[in-house]
Amino acid sequence: MNYWLVKSEPYKYSWDQFEKDKQTMWDGVRNYMARNNLRAMKKGDLVLWYHSNEGLEIVGIAKVSKEHYPDPTATEGDWSVVELKPFKKLKKPISLAQIKADKNLQQMDLVRLGRLSVGTVKQVEFDYILALSETK
């Protein structure tokens, strides 16, 4: 299993809306590294859901329910989407400030590649974030 992080602006698409919808197609990615990360996702992989711009915190865990296929919103180029389902809301959100201040999380894509909308997460980072959030 692999672990990932996706960023969503809560005013556009929040974790709460995602839970109400029960699934979503992760579309609109127009960065090659982020696209390649989408293409590497496998069904069942776990994905940290990060609220960007406002909130600036990891709030939940999604699960990849369908592997990549062509992005139907793309009018040109070779872009991909995956489908995600809510898995679990974090008991306590983990803020970007908390992540940046923690020496155990300094190598996360979220810290090193701050503008990347779909990033990788190492299992040790994933497990550590769950421990910080008191989520099992």
# chains A, B, ... in the order shown; residues from 1 in each chain; ligands from 1

$ residues_around --residues "Tyr11 of chain A" --least-positions-apart "2" --cutoff "10 Å" --atoms "only C-alpha atoms" --output "PyMOL selection string"
chain A and resi 8-9+13-14+17+51-54

$ residues_around --residues "Lys63 of chain A" --least-positions-apart "3" --cutoff "6 Å" --atoms "only C-alpha atoms" --output "list in words"
Gly44, Asp45, Leu46, Val47, Leu84, Lys85 and Phe87 of chain A

$ residues_around --residues "Tyr69 of chain A" --least-positions-apart "4" --cutoff "8 Å" --atoms "only C-alpha atoms" --output "PDB file with C-alpha atoms, in the first residue's frame"
ATOM      1  CA  SER A  80      -5.707  11.978 -15.271  1.00  0.00           C
ATOM      2  CA  VAL A  81      -8.167  11.601 -12.398  1.00  0.00           C
ATOM      3  CA  VAL A  82      -8.734   9.049  -9.650  1.00  0.00           C
TER       4      VAL A  82
END

$ closest_residue --among "A:Glu57, A:Glu76, A:Asp127, A:Asp16" --to "Ile94 of chain A" --atoms "only C-alpha atoms"
A:Glu57

$ decode --residues "segment 113-125 of chain A" --atoms "N, CA and C atoms" --output "mmCIF file, in the first residue's frame"
data_model
loop_
_atom_site.group_PDB
_atom_site.id
_atom_site.type_symbol
_atom_site.label_atom_id
_atom_site.label_comp_id
_atom_site.auth_asym_id
_atom_site.auth_seq_id
_atom_site.Cartn_x
_atom_site.Cartn_y
_atom_site.Cartn_z
ATOM 1 N N LEU A 113 7.682 20.545 -0.997
ATOM 2 C CA LEU A 113 7.088 20.920 -2.285
ATOM 3 C C LEU A 113 5.720 21.549 -2.024
ATOM 4 N N GLY A 114 5.724 22.658 -1.343
ATOM 5 C CA GLY A 114 4.510 23.270 -0.819
ATOM 6 C C GLY A 114 3.403 23.550 -1.818
ATOM 7 N N ARG A 115 3.744 23.739 -3.076
ATOM 8 C CA ARG A 115 2.711 24.053 -4.069
ATOM 9 C C ARG A 115 2.141 22.804 -4.745
ATOM 10 N N LEU A 116 2.709 21.653 -4.479
ATOM 11 C CA LEU A 116 2.260 20.409 -5.116
ATOM 12 C C LEU A 116 0.902 19.987 -4.553
ATOM 13 N N SER A 117 -0.081 19.774 -5.429
ATOM 14 C CA SER A 117 -1.453 19.497 -4.977
ATOM 15 C C SER A 117 -1.720 18.022 -4.679
ATOM 16 N N VAL A 118 -0.883 17.128 -5.199
ATOM 17 C CA VAL A 118 -1.006 15.693 -4.930
ATOM 18 C C VAL A 118 0.396 15.190 -4.633
ATOM 19 N N GLY A 119 0.647 14.851 -3.370
ATOM 20 C CA GLY A 119 1.997 14.468 -2.984
ATOM 21 C C GLY A 119 2.070 13.081 -2.388
ATOM 22 N N THR A 120 3.290 12.597 -2.293
ATOM 23 C CA THR A 120 3.534 11.300 -1.672
ATOM 24 C C THR A 120 3.671 11.485 -0.166
ATOM 25 N N VAL A 121 3.391 10.424 0.565
ATOM 26 C CA VAL A 121 3.567 10.387 2.015
ATOM 27 C C VAL A 121 4.202 9.048 2.339
ATOM 28 N N LYS A 122 5.285 9.066 3.086
ATOM 29 C CA LYS A 122 5.912 7.809 3.518
ATOM 30 C C LYS A 122 5.048 7.170 4.606
ATOM 31 N N GLN A 123 5.102 5.841 4.703
ATOM 32 C CA GLN A 123 4.286 5.154 5.707
ATOM 33 C C GLN A 123 4.595 5.649 7.119
ATOM 34 N N VAL A 124 5.876 5.874 7.403
ATOM 35 C CA VAL A 124 6.253 6.356 8.732
ATOM 36 C C VAL A 124 5.646 7.737 9.003
ATOM 37 N N GLU A 125 5.573 8.596 7.997
ATOM 38 C CA GLU A 125 4.945 9.913 8.144
ATOM 39 C C GLU A 125 3.442 9.765 8.356
#
